[in-house]
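This is upload_6.cif (mmCIF, C-alpha atoms).
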data_data
#
loop_
_atom_site.label_atom_id
_atom_site.label_comp_id
_atom_site.auth_asym_id
_atom_site.auth_seq_id
_atom_site.Cartn_x
_atom_site.Cartn_y
_atom_site.Cartn_z
CA MET A 957 0.00 0.00 0.00
CA SER A 958 1.19 3.46 -0.80
CA GLY A 959 2.07 6.40 1.38
CA PRO A 960 0.88 9.97 0.78
CA SER A 961 1.28 11.17 -2.78
CA PRO A 962 4.42 13.20 -3.53
CA ALA A 963 2.51 15.09 -6.21
CA LYS A 964 2.31 18.86 -5.95
CA GLN A 965 -0.73 20.37 -4.33
CA VAL A 966 -2.26 21.41 -7.66
CA PRO A 967 -5.96 22.29 -7.32
CA ILE A 968 -8.36 20.16 -9.35
CA GLU A 969 -10.48 22.57 -11.37
CA ASN A 970 -12.91 20.09 -12.90
CA ARG A 971 -13.60 16.45 -13.67
CA ALA A 972 -11.66 16.69 -16.93
CA ALA A 973 -8.49 17.25 -14.90
CA LEU A 974 -8.97 13.81 -13.35
CA VAL A 975 -9.19 12.23 -16.80
CA GLU A 976 -6.05 14.12 -17.82
CA ALA A 977 -4.25 12.80 -14.73
CA LEU A 978 -4.77 9.26 -16.06
CA SER A 979 -4.20 9.96 -19.76
CA SER A 980 -0.92 11.71 -18.97
CA GLY A 981 0.43 8.20 -18.46
CA ASN A 982 0.43 7.63 -22.24
CA LYS A 983 4.02 6.95 -23.34
CA PRO A 984 5.73 6.03 -26.62
CA ARG A 985 6.96 2.44 -26.74
CA GLU A 986 10.58 3.45 -26.22
CA ALA A 987 9.60 4.98 -22.87
CA TRP A 988 7.76 1.90 -21.55
CA ARG A 989 9.24 0.62 -18.31
CA ILE A 990 8.81 -2.24 -15.84
CA GLY A 991 8.20 -1.56 -12.14
CA THR A 992 8.15 -4.59 -9.84
CA GLU A 993 6.88 -4.58 -6.26
CA HIS A 994 7.01 -7.36 -3.71
CA GLU A 995 6.14 -7.81 -0.05
CA LYS A 996 7.53 -10.25 2.52
CA PHE A 997 6.84 -11.32 6.09
CA GLY A 998 9.47 -10.62 8.73
CA PHE A 999 9.94 -13.01 11.64
CA ARG A 1000 12.26 -13.56 14.59
CA LEU A 1001 14.53 -16.54 14.10
CA ASP A 1002 14.27 -17.73 17.71
CA ASP A 1003 10.47 -18.02 17.99
CA LEU A 1004 9.20 -17.26 14.44
CA ARG A 1005 6.97 -14.46 15.74
CA PRO A 1006 6.19 -11.45 13.53
CA LEU A 1007 8.36 -8.36 13.91
CA THR A 1008 7.04 -5.48 15.96
CA TYR A 1009 7.90 -1.93 14.94
CA ASP A 1010 10.00 -1.15 18.02
CA GLY A 1011 12.80 -3.05 19.67
CA PRO A 1012 16.23 -4.42 18.77
CA GLN A 1013 14.65 -6.92 16.35
CA GLY A 1014 11.95 -4.58 15.09
CA ILE A 1015 11.06 -3.15 11.73
CA GLU A 1016 12.43 0.26 12.72
CA ALA A 1017 15.81 -1.34 13.37
CA MET A 1018 15.57 -3.07 10.00
CA LEU A 1019 14.85 0.16 8.16
CA ASN A 1020 17.61 2.00 9.98
CA GLY A 1021 20.01 -0.82 9.15
CA LEU A 1022 19.23 -0.52 5.44
CA THR A 1023 20.27 3.15 5.38
CA ARG A 1024 23.92 2.04 5.20
CA PHE A 1025 23.20 1.11 1.58
CA GLY A 1026 22.25 4.65 0.64
CA TRP A 1027 18.53 4.53 1.40
CA ALA A 1028 17.13 7.83 2.73
CA PRO A 1029 14.57 7.58 5.56
CA VAL A 1030 11.02 8.88 5.22
CA LEU A 1031 9.44 9.98 8.50
CA GLU A 1032 5.86 10.18 9.72
CA GLN A 1033 5.36 11.81 13.11
CA GLY A 1034 9.08 11.37 13.73
CA ARG A 1035 9.08 7.62 13.00
CA VAL A 1036 10.82 5.98 10.04
CA ILE A 1037 8.09 4.42 7.89
CA ALA A 1038 9.83 4.13 4.51
CA LEU A 1039 13.10 4.53 2.62
CA THR A 1040 13.86 5.96 -0.82
CA ARG A 1041 16.74 5.55 -3.29
CA ASP A 1042 17.09 6.00 -7.04
CA ASN A 1043 13.34 6.13 -7.85
CA ALA A 1044 12.68 3.06 -5.67
CA SER A 1045 11.31 2.76 -2.16
CA VAL A 1046 11.13 0.36 0.76
CA SER A 1047 7.92 0.71 2.73
CA LEU A 1048 5.77 -0.99 5.33
CA GLU A 1049 2.47 -2.76 4.98
CA PRO A 1050 0.10 -2.56 7.98
CA ALA A 1051 1.61 -5.45 9.99
CA GLY A 1052 5.18 -4.70 9.04
CA GLN A 1053 5.37 -6.64 5.79
CA LEU A 1054 8.42 -5.14 4.10
CA GLU A 1055 7.80 -3.98 0.54
CA LEU A 1056 10.22 -3.07 -2.22
CA SER A 1057 8.63 -0.79 -4.82
CA GLY A 1058 11.19 -0.99 -7.58
CA ALA A 1059 12.32 1.73 -9.93
CA PRO A 1060 10.89 1.85 -13.47
CA LEU A 1061 13.45 -0.18 -15.44
CA GLN A 1062 13.91 -1.16 -19.08
CA THR A 1063 14.24 -4.95 -18.91
CA ILE A 1064 13.34 -7.88 -16.70
CA HIS A 1065 17.07 -8.53 -16.34
CA ASP A 1066 17.31 -5.09 -14.74
CA THR A 1067 14.35 -5.58 -12.42
CA CYS A 1068 15.60 -9.03 -11.37
CA CYS A 1069 19.04 -7.57 -10.56
CA GLU A 1070 17.28 -4.87 -8.52
CA THR A 1071 15.33 -7.52 -6.59
CA THR A 1072 18.48 -9.57 -6.00
CA SER A 1073 20.36 -6.54 -4.71
CA HIS A 1074 17.50 -5.62 -2.38
CA LEU A 1075 17.22 -9.13 -0.95
CA ARG A 1076 21.00 -9.23 -0.42
CA GLU A 1077 20.82 -5.96 1.52
CA VAL A 1078 17.88 -7.23 3.57
CA LYS A 1079 19.72 -10.47 4.34
CA THR A 1080 22.81 -8.58 5.49
CA VAL A 1081 20.85 -6.52 8.01
CA SER A 1082 18.43 -9.27 9.08
CA ASP A 1083 21.28 -11.69 9.85
CA GLU A 1084 22.73 -9.11 12.23
CA LEU A 1085 19.35 -8.64 13.94
CA GLY A 1086 18.50 -12.33 14.25
CA ILE A 1087 15.48 -12.07 12.01
CA GLY A 1088 14.39 -13.51 8.65
CA PHE A 1089 11.99 -12.81 5.79
CA LEU A 1090 9.58 -15.15 4.04
CA GLY A 1091 7.82 -14.83 0.69
CA MET A 1092 4.32 -16.37 0.69
CA GLY A 1093 0.81 -15.12 -0.01
CA PHE A 1094 -0.54 -15.51 3.52
CA GLN A 1095 1.05 -15.66 6.97
CA PRO A 1096 1.17 -19.45 7.55
CA LYS A 1097 1.42 -19.61 11.34
CA TRP A 1098 0.17 -16.62 13.28
CA ALA A 1099 -3.37 -15.44 14.03
CA ARG A 1100 -4.67 -11.98 13.25
CA ALA A 1101 -4.38 -11.06 16.92
CA ASP A 1102 -0.67 -11.93 16.84
CA MET A 1103 0.09 -9.46 14.09
CA PRO A 1104 1.51 -6.05 15.06
CA TRP A 1105 0.40 -2.71 13.62
CA MET A 1106 2.76 -0.16 12.16
CA PRO A 1107 2.61 3.54 13.20
CA LYS A 1108 1.13 4.89 9.96
CA GLY A 1109 -1.92 7.12 10.08
CA ARG A 1110 -3.69 5.72 7.01
CA TYR A 1111 -3.58 2.22 8.49
CA ARG A 1112 -5.36 3.33 11.65
CA ILE A 1113 -8.20 4.73 9.54
CA MET A 1114 -8.40 1.61 7.38
CA ARG A 1115 -8.25 -0.64 10.45
CA ASP A 1116 -11.34 1.04 11.86
CA TYR A 1117 -13.23 1.02 8.55
CA MET A 1118 -12.52 -2.48 7.21
CA PRO A 1119 -14.78 -4.45 9.58
CA LYS A 1120 -17.73 -2.29 8.47
CA VAL A 1121 -17.49 -3.44 4.85
CA GLY A 1122 -16.14 -7.00 4.86
CA GLY A 1123 -15.15 -9.95 7.01
CA LEU A 1124 -11.55 -10.40 5.87
CA GLY A 1125 -10.24 -6.88 5.32
CA LEU A 1126 -8.08 -6.94 8.44
CA ASP A 1127 -6.56 -10.21 7.28
CA MET A 1128 -5.81 -8.58 3.93
CA MET A 1129 -4.00 -5.78 5.73
CA THR A 1130 -2.05 -7.82 8.24
CA ARG A 1131 -1.55 -11.34 6.89
CA THR A 1132 -1.10 -11.12 3.10
CA CYS A 1133 1.84 -10.50 0.79
CA THR A 1134 1.91 -10.09 -2.98
CA VAL A 1135 4.18 -9.50 -5.94
CA GLN A 1136 3.01 -6.99 -8.55
CA VAL A 1137 4.27 -5.46 -11.75
CA ASN A 1138 3.43 -2.03 -13.14
CA LEU A 1139 3.39 -1.60 -16.92
CA ASP A 1140 2.89 1.28 -19.36
CA PHE A 1141 0.57 1.94 -22.29
CA ALA A 1142 0.87 4.06 -25.43
CA SER A 1143 -2.65 5.46 -25.73
CA GLU A 1144 -6.18 5.11 -24.46
CA ALA A 1145 -6.86 2.32 -26.98
CA ASP A 1146 -3.68 0.52 -25.93
CA MET A 1147 -4.64 0.89 -22.27
CA VAL A 1148 -8.10 -0.56 -22.93
CA LYS A 1149 -6.74 -3.61 -24.74
CA LYS A 1150 -4.07 -4.29 -22.11
CA PHE A 1151 -6.56 -3.76 -19.29
CA ARG A 1152 -9.01 -6.26 -20.79
CA VAL A 1153 -6.37 -8.90 -21.50
CA SER A 1154 -4.76 -8.62 -18.09
CA LEU A 1155 -8.09 -8.68 -16.22
CA ALA A 1156 -9.27 -11.75 -18.12
CA LEU A 1157 -5.96 -13.56 -17.55
CA GLN A 1158 -5.37 -12.43 -13.96
CA PRO A 1159 -6.70 -15.81 -12.66
CA ILE A 1160 -3.86 -17.46 -14.61
CA ALA A 1161 -1.35 -15.48 -12.55
CA THR A 1162 -3.24 -16.37 -9.38
CA ALA A 1163 -2.88 -20.08 -10.18
CA LEU A 1164 0.77 -19.88 -11.27
CA PHE A 1165 1.71 -18.01 -8.08
CA ALA A 1166 -0.74 -19.65 -5.65
CA ASP A 1167 1.19 -19.96 -2.39
CA SER A 1168 -1.06 -19.43 0.62
CA PRO A 1169 -2.47 -22.80 1.71
CA PHE A 1170 -2.05 -22.44 5.50
CA THR A 1171 -3.88 -20.48 8.18
CA GLU A 1172 -2.68 -20.58 11.77
CA GLY A 1173 -0.55 -23.65 11.15
CA LYS A 1174 -3.13 -25.78 9.33
CA PRO A 1175 -4.28 -26.25 5.71
CA ASN A 1176 -7.07 -23.78 5.00
CA GLY A 1177 -8.65 -25.53 2.00
CA TYR A 1178 -7.32 -22.98 -0.48
CA LEU A 1179 -4.28 -22.76 -2.71
CA SER A 1180 -4.37 -18.97 -2.77
CA TYR A 1181 -6.13 -17.91 0.38
CA ARG A 1182 -4.74 -14.42 -0.24
CA SER A 1183 -6.79 -14.24 -3.43
CA HIS A 1184 -9.91 -15.51 -1.65
CA ILE A 1185 -9.53 -12.83 1.03
CA TRP A 1186 -10.11 -10.11 -1.55
CA THR A 1187 -13.61 -11.50 -2.18
CA ASP A 1188 -14.64 -10.49 1.36
CA THR A 1189 -12.67 -7.30 1.91
CA ASP A 1190 -14.69 -4.42 0.45
CA ALA A 1191 -16.90 -4.90 -2.61
CA ASP A 1192 -16.85 -1.15 -3.34
CA ARG A 1193 -13.15 -1.22 -4.24
CA THR A 1194 -12.25 -4.77 -5.33
CA GLY A 1195 -13.11 -7.27 -8.04
CA MET A 1196 -13.03 -7.87 -11.78
CA LEU A 1197 -14.42 -4.51 -13.00
CA ASP A 1198 -16.94 -5.81 -15.53
CA PHE A 1199 -17.34 -2.33 -17.03
CA VAL A 1200 -13.81 -2.55 -18.47
CA PHE A 1201 -15.18 -5.01 -21.06
CA GLU A 1202 -18.12 -2.81 -22.04
CA ASP A 1203 -18.15 -0.83 -25.27
CA GLY A 1204 -16.80 2.66 -24.80
CA PHE A 1205 -14.54 1.91 -21.86
CA SER A 1206 -12.10 4.80 -21.44
CA PHE A 1207 -10.05 6.85 -19.02
CA GLU A 1208 -13.22 8.82 -18.32
CA ARG A 1209 -15.16 5.69 -17.40
CA TYR A 1210 -12.43 4.66 -14.96
CA VAL A 1211 -12.56 8.12 -13.37
CA ASP A 1212 -16.29 7.61 -12.82
CA TYR A 1213 -15.52 4.31 -11.12
CA LEU A 1214 -12.95 5.92 -8.84
CA LEU A 1215 -15.33 8.73 -7.95
CA ASP A 1216 -17.74 6.08 -6.67
CA VAL A 1217 -15.08 4.32 -4.57
CA PRO A 1218 -15.58 5.56 -0.99
CA MET A 1219 -12.73 7.59 0.44
CA TYR A 1220 -10.45 6.57 3.30
CA PHE A 1221 -8.62 9.76 4.22
CA VAL A 1222 -7.26 13.18 3.28
CA TYR A 1223 -3.61 13.94 4.02
CA ARG A 1224 -2.96 17.43 5.38
CA ASP A 1225 0.09 18.92 7.12
CA GLY A 1226 1.57 15.55 8.02
CA ASN A 1227 -1.69 14.12 9.33
CA TYR A 1228 -4.32 11.73 7.97
CA ILE A 1229 -7.86 13.07 8.34
CA ASP A 1230 -10.46 10.32 8.56
CA ALA A 1231 -12.84 10.54 5.59
CA ALA A 1232 -13.71 6.84 5.51
CA GLY A 1233 -16.90 6.17 3.59
CA HIS A 1234 -17.25 9.73 2.32
CA SER A 1235 -17.58 10.69 -1.36
CA PHE A 1236 -14.82 12.12 -3.52
CA ARG A 1237 -17.60 13.62 -5.65
CA ASP A 1238 -18.61 15.66 -2.59
CA PHE A 1239 -14.97 16.62 -2.11
CA LEU A 1240 -14.84 17.90 -5.70
CA ALA A 1241 -17.92 20.03 -4.97
CA GLY A 1242 -16.41 21.44 -1.77
CA LYS A 1243 -18.94 19.49 0.31
CA LEU A 1244 -16.71 16.97 2.12
CA ALA A 1245 -18.06 16.89 5.66
CA VAL A 1246 -14.64 16.57 7.32
CA LEU A 1247 -13.16 19.48 5.29
CA PRO A 1248 -16.15 21.75 4.58
CA GLY A 1249 -15.56 24.24 1.79
CA GLU A 1250 -12.23 22.73 0.78
CA THR A 1251 -11.69 21.16 -2.63
CA PRO A 1252 -9.15 18.47 -3.54
CA THR A 1253 -5.73 18.73 -5.12
CA LEU A 1254 -4.04 16.40 -7.57
CA ALA A 1255 -2.18 14.88 -4.63
CA ASP A 1256 -5.52 14.04 -3.00
CA TRP A 1257 -6.67 12.36 -6.20
CA ASN A 1258 -3.44 10.38 -6.46
CA ASP A 1259 -3.89 9.23 -2.87
CA HIS A 1260 -7.49 8.25 -3.56
CA MET A 1261 -6.48 6.19 -6.60
CA THR A 1262 -4.32 4.02 -4.31
CA THR A 1263 -7.35 3.07 -2.22
CA ALA A 1264 -9.06 1.07 -4.99
CA PHE A 1265 -7.96 -2.58 -5.03
CA PRO A 1266 -9.31 -4.30 -8.18
CA GLU A 1267 -7.53 -7.27 -9.75
CA VAL A 1268 -5.89 -4.83 -12.18
CA ARG A 1269 -5.55 -1.19 -11.17
CA LEU A 1270 -5.19 1.79 -13.48
CA LYS A 1271 -3.14 4.81 -12.49
CA LYS A 1272 -0.66 6.33 -14.95
CA PHE A 1273 0.19 2.71 -15.62
CA LEU A 1274 -1.48 -0.66 -15.14
CA GLU A 1275 -0.83 -2.72 -11.99
CA MET A 1276 -1.11 -6.50 -12.10
CA ARG A 1277 -2.46 -7.50 -8.67
CA GLY A 1278 -3.39 -11.21 -8.83
CA ALA A 1279 -0.28 -13.00 -7.55
CA ASP A 1280 0.79 -14.30 -4.15
CA GLY A 1281 4.21 -13.37 -2.84
CA GLY A 1282 6.92 -15.97 -3.26
CA PRO A 1283 10.64 -16.76 -3.55
CA TRP A 1284 13.22 -14.88 -5.62
CA ASN A 1285 12.68 -16.64 -8.95
CA ARG A 1286 8.93 -16.00 -8.92
CA LEU A 1287 9.54 -12.33 -8.15
CA CYS A 1288 11.35 -12.21 -11.49
CA ALA A 1289 8.77 -14.42 -13.20
CA LEU A 1290 5.75 -12.15 -12.69
CA PRO A 1291 7.11 -9.25 -14.75
CA ALA A 1292 8.24 -11.79 -17.36
CA LEU A 1293 4.69 -13.14 -17.69
CA TRP A 1294 3.03 -9.78 -18.14
CA VAL A 1295 5.74 -8.07 -20.19
CA GLY A 1296 5.68 -11.06 -22.52
CA LEU A 1297 1.91 -10.78 -22.92
CA LEU A 1298 1.52 -7.00 -23.08
CA TYR A 1299 4.69 -5.38 -24.44
CA ASP A 1300 4.82 -7.20 -27.80
CA ASP A 1301 2.09 -6.42 -30.34
CA ALA A 1302 1.80 -9.95 -31.71
CA ALA A 1303 1.62 -11.40 -28.20
CA LEU A 1304 -1.00 -8.86 -27.14
CA ASP A 1305 -3.09 -9.73 -30.19
CA ALA A 1306 -2.75 -13.45 -29.47
CA ALA A 1307 -3.64 -12.95 -25.81
CA TRP A 1308 -6.71 -10.94 -26.81
CA ASP A 1309 -7.74 -13.68 -29.22
CA LEU A 1310 -7.43 -16.11 -26.30
CA VAL A 1311 -9.82 -14.21 -24.03
CA LYS A 1312 -12.05 -12.00 -26.19
CA ASP A 1313 -14.95 -14.43 -26.23
CA PHE A 1314 -14.91 -15.09 -22.47
CA SER A 1315 -18.34 -14.30 -21.08
CA LEU A 1316 -18.82 -12.29 -17.91
CA ALA A 1317 -19.88 -15.48 -16.15
CA GLU A 1318 -16.75 -17.29 -17.30
CA ARG A 1319 -14.46 -14.50 -16.15
CA HIS A 1320 -16.07 -14.58 -12.73
CA ALA A 1321 -16.00 -18.37 -12.56
CA LEU A 1322 -12.24 -18.28 -13.19
CA ARG A 1323 -11.69 -15.55 -10.60
CA ASP A 1324 -13.82 -17.25 -7.96
CA GLY A 1325 -12.66 -20.83 -8.58
CA VAL A 1326 -8.90 -20.47 -8.93
CA PRO A 1327 -8.15 -19.64 -5.26
CA LYS A 1328 -9.37 -23.09 -4.26
CA HIS A 1329 -8.73 -25.24 -7.32
CA GLY A 1330 -5.72 -23.70 -9.08
CA PHE A 1331 -4.76 -25.37 -12.35
CA LYS A 1332 -7.39 -28.06 -11.89
CA LEU A 1333 -10.34 -25.68 -12.15
CA PRO A 1334 -12.59 -26.88 -15.01
CA PHE A 1335 -12.85 -24.43 -17.89
CA ARG A 1336 -14.88 -25.16 -20.99
CA ASP A 1337 -13.77 -28.59 -22.22
CA ALA A 1338 -10.50 -28.65 -20.28
CA THR A 1339 -9.02 -27.01 -17.16
CA LEU A 1340 -7.32 -23.75 -16.34
CA ARG A 1341 -3.97 -25.54 -16.78
CA GLU A 1342 -4.40 -25.63 -20.55
CA LEU A 1343 -5.24 -21.93 -20.57
CA ALA A 1344 -2.15 -21.22 -18.46
CA ILE A 1345 0.11 -23.19 -20.78
CA GLU A 1346 -1.20 -21.32 -23.80
CA ALA A 1347 -0.70 -17.96 -22.04
CA LEU A 1348 2.86 -18.94 -21.15
CA LYS A 1349 3.57 -19.89 -24.77
CA ILE A 1350 2.31 -16.49 -25.91
CA ALA A 1351 4.35 -14.70 -23.24
CA GLY A 1352 7.50 -16.65 -24.10
CA ALA A 1353 7.19 -15.81 -27.78
CA GLY A 1354 6.63 -12.16 -26.92
CA LEU A 1355 9.77 -12.04 -24.78
CA LYS A 1356 11.84 -13.70 -27.50
CA ARG A 1357 10.65 -11.11 -30.02
CA ARG A 1358 11.56 -8.34 -27.56
CA ALA A 1359 15.08 -9.81 -27.68
CA ARG A 1360 16.36 -8.02 -24.60
CA LEU A 1361 19.54 -9.95 -23.83
CA ASN A 1362 21.71 -10.03 -20.73
CA ALA A 1363 25.52 -10.02 -20.78
CA SER A 1364 25.48 -13.74 -21.52
CA GLY A 1365 23.18 -13.34 -24.51
CA VAL A 1366 20.11 -14.82 -22.77
CA ASP A 1367 16.70 -13.27 -23.43
CA GLU A 1368 14.00 -12.55 -20.86
CA ALA A 1369 12.05 -15.74 -21.56
CA VAL A 1370 14.39 -17.53 -19.16
CA PHE A 1371 12.45 -15.99 -16.27
CA LEU A 1372 9.30 -17.90 -17.25
CA GLU A 1373 10.91 -21.27 -16.57
CA PRO A 1374 9.61 -21.73 -12.99
CA LEU A 1375 6.06 -20.97 -14.16
CA ILE A 1376 6.30 -23.36 -17.09
CA GLU A 1377 7.49 -26.09 -14.74
CA PHE A 1378 4.52 -25.57 -12.39
CA ALA A 1379 2.01 -25.57 -15.26
CA LEU A 1380 3.44 -28.68 -16.93
CA ALA A 1381 3.46 -30.52 -13.60
CA ASN A 1382 -0.15 -29.38 -12.97
CA GLU A 1383 0.89 -28.46 -9.45
CA THR A 1384 0.88 -25.03 -7.82
CA PRO A 1385 3.50 -23.86 -5.31
CA ALA A 1386 0.83 -24.24 -2.63
CA GLU A 1387 0.28 -27.91 -3.46
CA ARG A 1388 3.99 -28.56 -3.13
CA LYS A 1389 4.03 -26.98 0.31
CA LEU A 1390 0.98 -29.03 1.30
CA ASP A 1391 2.84 -32.18 0.27
CA LEU A 1392 5.83 -31.15 2.39
CA TYR A 1393 3.47 -30.43 5.30
CA ARG A 1394 2.04 -33.95 5.09
CA THR A 1395 5.43 -35.66 4.69
CA ALA A 1396 8.80 -34.11 5.47
CA TRP A 1397 7.44 -31.41 7.77
CA GLY A 1398 5.43 -33.85 9.89
CA GLY A 1399 2.26 -31.79 10.04
CA SER A 1400 4.00 -28.55 11.06
CA VAL A 1401 4.35 -25.28 9.15
CA ASP A 1402 7.37 -24.19 11.16
CA PRO A 1403 9.88 -25.60 8.63
CA VAL A 1404 8.58 -23.19 5.99
CA PHE A 1405 10.39 -20.39 7.83
CA ARG A 1406 13.62 -22.32 7.37
CA ASP A 1407 13.18 -23.90 3.96
CA PHE A 1408 11.67 -20.91 2.14
CA ALA A 1409 13.19 -17.88 3.84
CA TYR A 1410 15.08 -15.45 1.62
#

Write-out of the structure in structure tokens:
Amino acid sequence: MSGPSPAKQVPIENRAALVEALSSGNKPREAWRIGTEHEKFGFRLDDLRPLTYDGPQGIEAMLNGLTRFGWAPVLEQGRVIALTRDNASVSLEPAGQLELSGAPLQTIHDTCCETTSHLREVKTVSDELGIGFLGMGFQPKWARADMPWMPKGRYRIMRDYMPKVGGLGLDMMTRTCTVQVNLDFASEADMVKKFRVSLALQPIATALFADSPFTEGKPNGYLSYRSHIWTDTDADRTGMLDFVFEDGFSFERYVDYLLDVPMYFVYRDGNYIDAAGHSFRDFLAGKLAVLPGETPTLADWNDHMTTAFPEVRLKKFLEMRGADGGPWNRLCALPALWVGLLYDDAALDAAWDLVKDFSLAERHALRDGVPKHGFKLPFRDATLRELAIEALKIAGAGLKRRARLNASGVDEAVFLEPLIEFALANETPAERKLDLYRTAWGGSVDPVFRDFAY
């Protein structure tokens, strides 16, 4: 989740300015970049408990330790809550999940090197503190009550509001981790096509990355419980956005959607003002009850855009949001999947041909069924596995045509290999962990903190 927008406090004069804020993301192909984000759970090595903010083994100590690598601290009310360096940031999710929001980079080789460097820095500091970090979609051992809360004002507001609109919102905040990739578009038409393809195929990513089969030390009946949690978080700001597939979808239509997403907060003078449930439309009209007579700025709009959580999110780029967190090679695989599908014209056309006749009911059946069934979810005359294999073929061909080579002459398709292996085996990462739980781990999830830590 984001912090307050760094955008200037430019007054919003009319609704058209909101449309312009989105359309200003249009970029020529040579300016397209790849921004990868991933979250991870911190834990103490001695008892596996989550990291509090304070203390010698706390998140604050972790952030301060990372400053030796040139990261600059970001403060809120005098507390370090994030770090910045070279257009990238390290930030905190509500329960202290540590997130890298990577810089916009040209190739997947670059973004994978960035991830590797970050994890090396984290390992250096965490070893000194006696702590570790784990990549999975859902906290496998600890209950919601065991999870700490970070000292960030927006999280206090969300913590109070979530139980009013869904049963699992607090679990989303405190016990989930994801990997995401942010990708560019050339025009409104290009955005529409990429949005539709990525929404329709987001369940494929959910299956390929499904890695959250445990809750409080026991199997929970899901392969991606993280994905299931979003179905009972807040219906006003989550889901598959059926209107994206309607004729006439545009930047303007997405603005209308965002205007109907209830607000969480307004950030003023270093403080978060609780506006949970209020209307941004009222704010535009100067009728926001908590700030009567005041109208929003572009920074307020940018903040509000971060409080919608659909499967794919539009800002000045498109965010792919369907994947569970995982180990290093899958952090590199997610951008490979989506760059391969979306950044090559022939691949984008082939991906659209794959999904363009999906009905609304089929799209929802895929979204709702994958968290529990993964690759084995029936789809038409086959299963989701066959759809995943076809999508991977399209992505691989797209990456080969991009022909972005590393120093050894290897193209970006190499990063798809872990996903291809899962799909061919018809077995998600979650199913492999469940097998370990039943066999080598002897019915305990504790070994996951050893065997799968970064």

Exercise for the section: Tell me which protein, DNA and RNA residues are within 12 Å of Ala1353 in chain A, counting only C-alpha atoms, leaving out same-chain ones fewer than 6 positions away, and put them as a list in words. Expected result: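 Residues meeting the cut-off are Ala1292, Leu1293, Val1295, Gly1296, Leu1297, Leu1298, Tyr1299, Asp1300, Asp1301, Ala1302, Ala1303, Leu1304, Ala1306, Ala1307, Glu1346, Ala1347, Ala1359, Asp1367, Glu1368, Ala1369, Val1370 and Leu1372 of chain A.
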
Exercise for the section: Apply the PyMOL selection byres ((chain A and resi 1099-1103) around 12) to the displayed file and report the matching residues as a VMD selection string. Expected result: chain A and resid 997 to 999 1004 to 1009 1049 to 1053 1094 to 1098 1104 to 1106 1124 to 1132 1170 to 1174

Problem - Chain and number of each residue from the PyMOL selection byres ((chain A and resi 1025) around 12), as a list in words - result: Leu1019, Asn1020, Gly1021, Leu1022, Thr1023, Arg1024, Gly1026, Trp1027, Ala1028, Pro1029, Leu1039, Thr1040, Arg1041, Asp1042, Ser1073, His1074, Arg1076, Glu1077, Val1078, Thr1080 and Val1081 of chain A

Handout entry: Distance criterion (all atoms listed in the file): nearest to Ile1160 in chain A out of A:Ala1044, A:Val1148, A:Leu1340, A:Leu1392
Key =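 Residue with the minimum atom-to-atom distance to Ile1160 in chain A: A:Leu1340.
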
Completion exercise
Of A:Lys996, A:Lys1108, A:Lys1271, A:Lys1349, the one sitting nearest Glu1055 in chain A when using all atoms listed in the file is A:Lys996

Problem - Nearby residues (all atoms listed in the file) at most 9 Å from Leu1270 in chain A, same-chain spacing under 6 positions excluded, as JSON, numbers by chain - result: {"A": [978, 1147, 1151, 1207, 1210, 1261]}

Fill in the blank from the handout: Between CA of Phe1221 in chain A and CA of Ala1245 in chain A lies a distance of 11.9 Å

Supply range 1097-1106 of chain A as a CSV table (one decimal), in the frame of the given file, with N, CA and C atoms built in where the input has gaps.
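See result24.csv below for the written result:
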chain,number,residue,atom,x,y,z
A,1097,LYS,N,1.4,-19.1,10.0
A,1097,LYS,CA,1.4,-19.6,11.3
A,1097,LYS,C,0.6,-18.8,12.3
A,1098,TRP,N,0.7,-17.5,12.2
A,1098,TRP,CA,0.2,-16.6,13.3
A,1098,TRP,C,-1.2,-16.1,13.0
A,1099,ALA,N,-2.0,-15.9,14.1
A,1099,ALA,CA,-3.4,-15.4,14.0
A,1099,ALA,C,-3.4,-13.9,13.8
A,1100,ARG,N,-4.5,-13.4,13.4
A,1100,ARG,CA,-4.7,-12.0,13.2
A,1100,ARG,C,-4.3,-11.2,14.5
A,1101,ALA,N,-4.7,-11.7,15.7
A,1101,ALA,CA,-4.4,-11.1,16.9
A,1101,ALA,C,-2.9,-11.0,17.2
A,1102,ASP,N,-2.1,-11.9,16.6
A,1102,ASP,CA,-0.7,-11.9,16.8
A,1102,ASP,C,0.1,-10.9,16.0
A,1103,MET,N,-0.6,-10.4,15.0
A,1103,MET,CA,0.1,-9.5,14.1
A,1103,MET,C,0.2,-8.1,14.7
A,1104,PRO,N,1.3,-7.4,14.6
A,1104,PRO,CA,1.5,-6.0,15.1
A,1104,PRO,C,0.9,-5.0,14.1
A,1105,TRP,N,0.8,-3.8,14.5
A,1105,TRP,CA,0.4,-2.7,13.6
A,1105,TRP,C,1.5,-1.7,13.6
A,1106,MET,N,1.7,-1.2,12.4
A,1106,MET,CA,2.8,-0.2,12.2
A,1106,MET,C,2.2,1.2,12.4
